[in-house]
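Heads up, upload-v2.csv below (CSV, C-alpha atoms):
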```csv
chain,number,residue,atom,x,y,z
H,4,MET,CA,-1.9,9.3,32.8
H,5,GLY,CA,1.6,8.4,31.6
H,6,CYS,CA,4.6,8.3,33.8
H,7,ILE,CA,5.9,11.4,32.1
H,8,GLU,CA,4.2,13.2,35.0
H,9,LEU,CA,6.4,11.3,37.4
H,10,MET,CA,9.5,12.3,35.5
H,11,ASP,CA,11.8,15.3,36.1
H,12,TYR,CA,10.2,17.6,33.5
H,13,GLU,CA,10.3,21.3,32.9
H,14,ILE,CA,7.2,23.1,31.6
H,15,LEU,CA,8.4,25.6,29.0
H,16,LEU,CA,4.8,26.6,28.0
H,17,SER,CA,1.3,26.0,29.1
H,18,ASP,CA,-2.2,27.2,28.3
H,19,ILE,CA,-1.5,27.3,24.6
H,20,SER,CA,-3.0,25.8,21.5
H,21,PHE,CA,-1.3,22.8,19.9
H,22,LYS,CA,-0.3,24.9,16.9
H,23,GLU,CA,1.3,27.5,19.2
H,24,GLY,CA,3.3,24.8,20.8
H,25,ARG,CA,4.5,23.6,17.5
H,26,GLU,CA,5.6,27.1,16.4
H,27,PHE,CA,7.4,27.6,19.7
H,28,ILE,CA,9.4,24.5,19.2
H,29,ARG,CA,10.3,25.3,15.6
H,30,ARG,CA,11.2,28.9,16.5
H,31,ASN,CA,13.4,28.1,19.5
H,32,PHE,CA,15.2,24.9,18.7
H,33,LYS,CA,17.6,24.2,15.8
H,34,ASP,CA,17.3,20.4,15.9
H,35,VAL,CA,13.7,19.6,15.2
H,36,HIS,CA,12.2,16.2,14.3
H,37,GLU,CA,8.8,15.6,12.8
H,38,VAL,CA,6.8,12.6,13.9
H,39,GLU,CA,3.3,11.3,13.4
H,40,PRO,CA,0.5,11.3,16.0
H,41,GLY,CA,0.9,8.1,18.0
H,42,TYR,CA,4.7,8.3,18.1
H,43,LYS,CA,5.8,6.7,21.3
H,44,LEU,CA,7.9,8.9,23.5
H,45,PHE,CA,8.8,7.5,26.9
H,46,ASP,CA,5.7,5.6,27.8
H,47,VAL,CA,3.1,7.7,26.0
H,48,TYR,CA,1.8,8.0,22.5
H,49,LEU,CA,1.9,11.6,21.4
H,50,ILE,CA,-1.4,13.4,20.7
H,51,GLY,CA,-1.5,16.2,18.2
H,52,ILE,CA,-2.2,17.6,14.7
H,53,PRO,CA,0.4,16.3,12.2
H,54,PRO,CA,3.2,17.0,11.9
H,55,ILE,CA,4.1,16.8,15.6
H,56,VAL,CA,7.5,18.4,16.1
H,57,ILE,CA,10.0,17.4,18.8
H,58,GLY,CA,13.0,19.6,19.5
H,59,VAL,CA,16.3,18.3,20.6
H,60,GLU,CA,18.8,20.3,22.7
H,61,ASN,CA,21.9,18.5,24.0
H,62,ASP,CA,20.4,15.5,25.8
H,63,HIS,CA,16.9,17.0,26.2
H,64,VAL,CA,13.7,16.4,24.2
H,65,ILE,CA,11.2,19.2,23.9
H,66,PHE,CA,7.8,18.1,22.9
H,67,PRO,CA,4.0,19.0,23.0
H,68,TYR,CA,2.0,17.1,25.7
H,69,VAL,CA,-1.8,17.4,25.3
H,70,LYS,CA,-4.2,16.9,28.2
H,71,PRO,CA,-7.9,16.8,27.5
H,72,CYS,CA,-8.8,19.3,30.2
H,73,HIS,CA,-5.7,21.5,30.3
H,74,GLY,CA,-4.7,21.8,26.7
H,75,THR,CA,-1.2,21.7,25.4
H,76,PHE,CA,2.0,22.0,27.4
H,77,VAL,CA,5.5,22.1,25.9
H,78,LEU,CA,7.7,19.9,28.1
H,79,LYS,CA,11.5,19.5,28.3
H,80,ILE,CA,12.9,16.2,29.6
H,81,GLU,CA,16.5,15.0,29.7
H,82,ASP,CA,16.8,11.5,28.1
H,83,ARG,CA,19.8,10.6,25.9
H,84,GLU,CA,18.1,7.4,24.6
H,85,GLU,CA,15.1,9.2,23.3
H,86,VAL,CA,17.3,11.8,21.6
H,87,GLU,CA,19.3,9.0,19.9
H,88,ARG,CA,16.1,7.2,18.9
H,89,LEU,CA,14.8,10.4,17.3
H,90,ARG,CA,18.1,11.1,15.5
H,91,ALA,CA,18.2,7.5,14.2
H,92,LYS,CA,14.9,8.0,12.5
H,93,ARG,CA,16.5,10.3,10.0
Y,6,MET,CA,-20.3,-9.5,13.0
Y,7,ASN,CA,-21.5,-6.2,14.4
Y,8,LYS,CA,-20.0,-2.9,13.3
Y,9,LYS,CA,-18.0,-1.3,16.0
Y,10,ALA,CA,-18.2,2.4,17.0
Y,11,LEU,CA,-15.9,4.4,19.3
Y,12,LEU,CA,-17.1,7.5,21.1
Y,13,LEU,CA,-14.1,9.5,22.3
Y,14,LEU,CA,-15.0,12.0,25.0
Y,15,GLY,CA,-13.0,15.1,26.1
Y,16,CYS,CA,-13.0,17.0,29.3
Y,17,PRO,CA,-16.6,16.9,30.7
Y,18,GLU,CA,-16.7,20.6,31.6
Y,19,VAL,CA,-19.4,21.3,29.0
Y,20,PRO,CA,-22.6,19.9,30.3
Y,21,VAL,CA,-24.1,18.6,27.1
Y,22,GLN,CA,-21.3,16.1,26.5
Y,23,THR,CA,-22.6,13.4,28.9
Y,24,CYS,CA,-26.2,13.3,27.7
Y,25,ILE,CA,-25.2,13.5,24.0
Y,26,ALA,CA,-22.8,10.7,24.6
Y,27,LEU,CA,-25.5,8.5,26.2
Y,28,TYR,CA,-28.0,9.5,23.5
Y,29,LEU,CA,-25.6,8.6,20.6
Y,30,ALA,CA,-24.5,5.4,22.3
Y,31,SER,CA,-28.1,4.4,22.7
Y,32,ARG,CA,-28.9,5.1,19.0
Y,33,LEU,CA,-25.9,3.2,17.8
Y,34,LYS,CA,-26.5,0.3,20.1
Y,35,ASN,CA,-30.2,0.1,19.1
Y,36,ALA,CA,-29.0,0.0,15.5
Y,37,GLY,CA,-27.0,-3.1,16.3
Y,38,MET,CA,-23.5,-1.7,16.7
Y,39,ASP,CA,-21.0,-2.5,19.4
Y,40,VAL,CA,-20.2,0.8,21.2
Y,41,LEU,CA,-17.1,1.5,23.2
Y,42,VAL,CA,-16.7,4.8,25.0
Y,43,ALA,CA,-13.3,6.3,25.8
Y,44,GLY,CA,-12.8,9.3,27.9
Y,45,THR,CA,-11.2,10.9,30.9
Y,46,ASP,CA,-11.8,9.3,34.3
Y,47,ALA,CA,-14.3,12.1,35.2
Y,48,ALA,CA,-16.1,11.8,31.8
Y,49,LEU,CA,-16.6,8.1,32.3
Y,50,GLU,CA,-17.7,8.4,35.9
Y,51,LEU,CA,-20.4,10.9,34.8
Y,52,LEU,CA,-21.6,8.2,32.3
Y,53,LYS,CA,-21.6,5.5,34.9
Y,54,VAL,CA,-23.6,7.6,37.5
Y,55,SER,CA,-26.0,8.8,34.8
Y,56,ASP,CA,-26.6,5.3,33.5
Y,57,THR,CA,-26.4,3.4,36.7
Y,58,GLU,CA,-27.9,0.2,35.3
Y,59,GLY,CA,-25.8,0.4,32.1
Y,60,HIS,CA,-28.8,0.6,29.8
Y,61,TYR,CA,-27.0,2.7,27.2
Y,62,VAL,CA,-23.3,1.9,27.8
Y,63,ASN,CA,-22.1,-1.0,29.9
Y,64,ALA,CA,-19.3,0.0,32.2
Y,65,GLU,CA,-17.3,-2.9,30.7
Y,66,LYS,CA,-17.4,-1.0,27.4
Y,67,MET,CA,-15.7,2.0,28.8
Y,68,MET,CA,-12.0,2.7,28.5
Y,69,ASN,CA,-9.6,5.4,29.7
Y,70,ILE,CA,-8.7,7.8,26.9
Y,71,ASP,CA,-5.0,7.2,27.2
Y,72,LYS,CA,-5.5,3.4,27.0
Y,73,SER,CA,-7.7,3.8,23.9
Y,74,ILE,CA,-5.0,5.8,22.2
Y,75,GLU,CA,-2.4,3.2,23.2
Y,76,SER,CA,-4.6,0.4,21.8
Y,77,LEU,CA,-5.2,2.2,18.5
Y,78,ALA,CA,-1.5,3.1,18.2
Y,79,GLU,CA,-0.5,-0.5,18.8
Y,80,LYS,CA,-3.2,-1.7,16.3
Y,81,ARG,CA,-4.8,-3.8,19.1
Y,82,MET,CA,-8.3,-2.4,18.3
Y,83,GLU,CA,-10.0,-0.9,15.3
Y,84,PHE,CA,-13.4,0.6,14.7
Y,85,ASP,CA,-15.8,1.1,11.7
Y,86,PHE,CA,-17.0,4.5,13.1
Y,87,CYS,CA,-15.4,6.9,15.5
Y,88,PHE,CA,-17.2,9.9,17.0
Y,89,VAL,CA,-14.8,12.4,18.6
Y,90,PHE,CA,-16.3,15.0,21.0
Y,91,VAL,CA,-14.6,18.4,20.5
Y,92,HIS,CA,-15.2,21.5,22.5
Y,93,ASN,CA,-11.6,22.8,23.0
Y,94,ASP,CA,-8.2,22.8,21.3
Y,95,ALA,CA,-7.2,19.5,22.9
Y,96,GLY,CA,-10.3,17.9,21.2
Y,97,ILE,CA,-8.9,19.0,17.8
Y,98,SER,CA,-5.6,17.3,18.7
Y,99,TYR,CA,-7.4,14.1,19.7
Y,100,LEU,CA,-9.4,14.2,16.5
Y,101,ALA,CA,-6.3,14.6,14.3
Y,102,THR,CA,-4.6,11.8,16.2
Y,103,ILE,CA,-7.5,9.4,15.7
Y,104,GLN,CA,-7.7,10.3,12.0
Y,105,SER,CA,-4.0,9.6,11.7
Y,106,MET,CA,-4.1,6.2,13.5
Y,107,SER,CA,-7.5,4.7,12.5
Y,108,LYS,CA,-9.3,3.8,9.3
Y,109,ALA,CA,-12.7,4.4,10.9
Y,110,LYS,CA,-15.2,6.7,9.3
Y,111,LEU,CA,-14.6,9.8,11.4
Y,112,PHE,CA,-17.2,12.2,12.9
Y,113,ALA,CA,-16.3,15.3,14.8
Y,114,ILE,CA,-19.1,16.3,17.2
Y,115,ILE,CA,-18.2,20.0,17.8
Y,116,PHE,CA,-20.1,21.9,20.6
Y,117,GLY,CA,-19.6,24.5,23.3
Y,118,HIS,CA,-19.2,28.3,23.2
Y,119,ASP,CA,-16.5,28.1,20.5
Y,120,ALA,CA,-18.1,25.5,18.3
Y,121,GLU,CA,-18.0,27.4,15.1
Y,122,SER,CA,-14.5,28.7,15.6
Y,123,LEU,CA,-13.2,25.2,16.4
Y,124,ALA,CA,-15.0,23.8,13.4
Y,125,GLY,CA,-13.2,26.3,11.2
Y,126,GLN,CA,-9.8,25.1,12.5
Y,127,ILE,CA,-10.4,21.4,11.7
Y,128,ASP,CA,-9.0,20.5,8.3
Y,129,CYS,CA,-8.7,16.7,8.7
Y,130,ASN,CA,-10.8,14.3,6.8
Y,131,CYS,CA,-13.9,13.9,8.9
Y,132,GLU,CA,-17.6,14.8,8.9
Y,133,LYS,CA,-18.4,17.7,11.2
Y,134,LEU,CA,-21.6,17.9,13.3
Y,135,VAL,CA,-21.5,21.4,14.8
Y,136,ALA,CA,-23.9,23.2,17.3
Y,137,LYS,CA,-23.2,25.9,19.8
Y,138,SER,CA,-24.7,23.7,22.6
Y,139,VAL,CA,-23.5,24.3,26.1
Y,140,HIS,CA,-26.4,23.6,28.5
Y,141,ASN,CA,-29.1,22.7,26.1
Y,142,PRO,CA,-28.5,19.5,24.1
Y,143,ILE,CA,-31.3,20.0,21.6
Y,144,PRO,CA,-29.4,21.8,18.8
Y,145,LEU,CA,-26.7,19.2,18.9
Y,146,LYS,CA,-29.2,16.4,19.1
Y,147,LYS,CA,-30.9,17.7,16.0
Y,148,LYS,CA,-27.6,17.6,14.1
Y,149,ILE,CA,-27.0,14.1,15.2
Y,150,ASP,CA,-30.6,13.0,14.4
Y,151,ALA,CA,-30.3,14.5,10.9
Y,152,ARG,CA,-27.2,12.4,10.2
Y,153,ILE,CA,-28.0,9.3,12.2
Y,154,ARG,CA,-31.1,8.5,10.1
Y,155,GLU,CA,-28.5,6.6,8.1
Y,156,VAL,CA,-27.3,4.7,11.1
Y,157,LYS,CA,-29.1,1.5,10.4
Y,158,ARG,CA,-27.7,1.5,6.9
Y,159,TRP,CA,-24.2,1.9,8.3
Y,160,ALA,CA,-24.8,-0.9,10.8
Y,161,VAL,CA,-25.5,-3.4,8.0
Y,162,SER,CA,-23.2,-2.0,5.3
Y,163,ASN,CA,-20.2,-4.0,4.1
```
Would you write the structure of this file as structure tokens?
Amino acid sequence: MGCIELMDYEILLSDISFKEGREFIRRNFKDVHEVEPGYKLFDVYLIGIPPIVIGVENDHVIFPYVKPCHGTFVLKIEDREEVERLRAKR
Amino acid sequence: MNKKALLLLGCPEVPVQTCIALYLASRLKNAGMDVLVAGTDAALELLKVSDTEGHYVNAEKMMNIDKSIESLAEKRMEFDFCFVFVHNDAGISYLATIQSMSKAKLFAIIFGHDAESLAGQIDCNCEKLVAKSVHNPIPLKKKIDARIREVKRWAVSN
């Protein structure tokens, strides 16, 4: 378990498929970044079907978080460094 | 040097997962492969209790699923063959992740109530072994047996 679960996160969606999470992020956030599975965000390597999309809103990242027994969540966490790292990839 | 195989287990809520994992590990091990099993803590504990003496999988060859993803992402380990157990949407995500990070020949072992529907959603480059097994492992075992006849050839191939 990554330390994401110890962070101050907001669950935007749960009990969804990975693809539903991707569409939610694309539909609801203007600043969207595509990354490959295994992209390191905080201390975890993202799981998912490529492309994995990460939304950015102000200083928050919005991303899919997959758990083997609980499916996909869409989480929102404030972290300026991760936002800047994503924007620097472009 | 022995070929290396990874078995990646999902949530152990579907009963056949544990016995098929032990069966497959046994077949691969007997063919001369080094087998590592990654899974959730519960999935691994089920293996350890079922195989108390470690005849099929040594506890030292088990790894938490998050650690295995981390090791693959950081290129600290690689495999010749990878078998991903899929019985839910999360399993498809793990399969696609392994396909993206590893050069291993990839097999999706797809089972459970929704096996056929899940198989239809998988479009990554892998070989699918599909059976609607939930409690009875035999349909899935037959699919594995049909494919694994080649396992000794895999074990010695270049």
Please tabulate, as CSV, the residues of chain H that come within 10 Å of chain Y, each with its closest pair of atoms and the distance in Å to one decimal, counting all atoms listed in the file and ordering rows by chain, then residue number upward.
```
residue,atom,partner,partner_atom,distance
H:Met4,CA,Y:Asp71,CA,6.7
H:Gly5,CA,Y:Asp71,CA,8.0
H:Ile19,CA,Y:Asp94,CA,8.7
H:Ser20,CA,Y:Asp94,CA,6.0
H:Phe21,CA,Y:Asp94,CA,7.0
H:Lys22,CA,Y:Asp94,CA,9.3
H:Glu39,CA,Y:Ser105,CA,7.7
H:Pro40,CA,Y:Thr102,CA,5.1
H:Gly41,CA,Y:Ala78,CA,5.5
H:Tyr42,CA,Y:Ala78,CA,8.1
H:Lys43,CA,Y:Ala78,CA,8.7
H:Asp46,CA,Y:Glu75,CA,9.6
H:Val47,CA,Y:Glu75,CA,7.6
H:Tyr48,CA,Y:Glu75,CA,6.4
H:Leu49,CA,Y:Thr102,CA,8.3
H:Ile50,CA,Y:Thr102,CA,5.7
H:Gly51,CA,Y:Ser98,CA,4.3
H:Ile52,CA,Y:Ala101,CA,5.1
H:Pro53,CA,Y:Ala101,CA,7.2
H:Tyr68,CA,Y:Ala95,CA,9.9
H:Val69,CA,Y:Ala95,CA,6.3
H:Lys70,CA,Y:Ala95,CA,6.6
H:Pro71,CA,Y:Ala95,CA,5.4
H:Cys72,CA,Y:Cys16,CA,4.9
H:His73,CA,Y:Ala95,CA,7.8
H:Gly74,CA,Y:Ala95,CA,5.1
H:Thr75,CA,Y:Ala95,CA,6.9
```
Store the residues picked out above in a file with C-alpha atoms, as an mmCIF file, in the frame of the given file.
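Heads up, here's the output in again_37.cif:
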```
data_model
loop_
_atom_site.group_PDB
_atom_site.id
_atom_site.type_symbol
_atom_site.label_atom_id
_atom_site.label_comp_id
_atom_site.auth_asym_id
_atom_site.auth_seq_id
_atom_site.Cartn_x
_atom_site.Cartn_y
_atom_site.Cartn_z
ATOM 1 C CA MET H 4 -1.900 9.300 32.800
ATOM 2 C CA GLY H 5 1.600 8.400 31.600
ATOM 3 C CA ILE H 19 -1.500 27.300 24.600
ATOM 4 C CA SER H 20 -3.000 25.800 21.500
ATOM 5 C CA PHE H 21 -1.300 22.800 19.900
ATOM 6 C CA LYS H 22 -0.300 24.900 16.900
ATOM 7 C CA GLU H 39 3.300 11.300 13.400
ATOM 8 C CA PRO H 40 0.500 11.300 16.000
ATOM 9 C CA GLY H 41 0.900 8.100 18.000
ATOM 10 C CA TYR H 42 4.700 8.300 18.100
ATOM 11 C CA LYS H 43 5.800 6.700 21.300
ATOM 12 C CA ASP H 46 5.700 5.600 27.800
ATOM 13 C CA VAL H 47 3.100 7.700 26.000
ATOM 14 C CA TYR H 48 1.800 8.000 22.500
ATOM 15 C CA LEU H 49 1.900 11.600 21.400
ATOM 16 C CA ILE H 50 -1.400 13.400 20.700
ATOM 17 C CA GLY H 51 -1.500 16.200 18.200
ATOM 18 C CA ILE H 52 -2.200 17.600 14.700
ATOM 19 C CA PRO H 53 0.400 16.300 12.200
ATOM 20 C CA TYR H 68 2.000 17.100 25.700
ATOM 21 C CA VAL H 69 -1.800 17.400 25.300
ATOM 22 C CA LYS H 70 -4.200 16.900 28.200
ATOM 23 C CA PRO H 71 -7.900 16.800 27.500
ATOM 24 C CA CYS H 72 -8.800 19.300 30.200
ATOM 25 C CA HIS H 73 -5.700 21.500 30.300
ATOM 26 C CA GLY H 74 -4.700 21.800 26.700
ATOM 27 C CA THR H 75 -1.200 21.700 25.400
#
```
Quick one: distance from CA of Asp34 (chain H) to CA of Glu60 (chain H) in Å, one decimal?
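About the pair CA of Asp34 (chain H) and CA of Glu60 (chain H): they are 7.0 Å apart.
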Using only C-alpha atoms - which residues lie no farther than 9 Å from the point (-24.5, 5.5, 12.3) in the file's frame? Write them as a PyMOL selection string.
chain Y and resi 10+29+32-33+36+38+86+152-160
Residues near region 81-84 of chain H, anyone? I mean within 7 Å using only C-alpha atoms, not counting same-chain ones fewer than 4 positions away, as a list in words.
Asp62, His63, Val64 and Arg88 of chain H
Close residues, region 27-32 of chain H itself excluded, 8 Å, all atoms listed in the file, min 4 positions apart in chain, as a VMD selection string:
chain H and resid 23 56 to 60 65 to 66
Between CA of Ala64 (chain Y) and CA of Met82 (chain Y), distance in Å (one decimal):
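Going from CA of Ala64 (chain Y) over to CA of Met82 (chain Y) covers 17.9 Å.
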Quick one: distance from CA of Ser122 (chain Y) to CA of Leu134 (chain Y) in Å, one decimal?
13.1 Å
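The closest residue to Arg25 (chain H), picked from H:Val86, H:Ala91, H:Val38, H:Ile55 and counting all atoms listed in the file, is H:Ile55.
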List the neighbours of Leu111 (chain Y) out to 8 Å using only C-alpha atoms; skip same-chain residues closer than 5 positions along the sequence, and give me the result as JSON, numbers by chain.
{"Y": [86, 87, 88, 89, 104, 130, 131, 132]}
Who sits within 10 Å of Arg93 (chain H), all atoms listed in the file, same chain under 4 positions skipped, as a VMD selection string
chain H and resid 36 to 37 88 to 89
Shortest interatomic distance to Asp18 (chain H) - which of H:Arg90, H:Glu85, H:Pro67, H:Ile80, counting all atoms listed in the file:
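Closest residue, counting all atoms listed in the file: H:Pro67.
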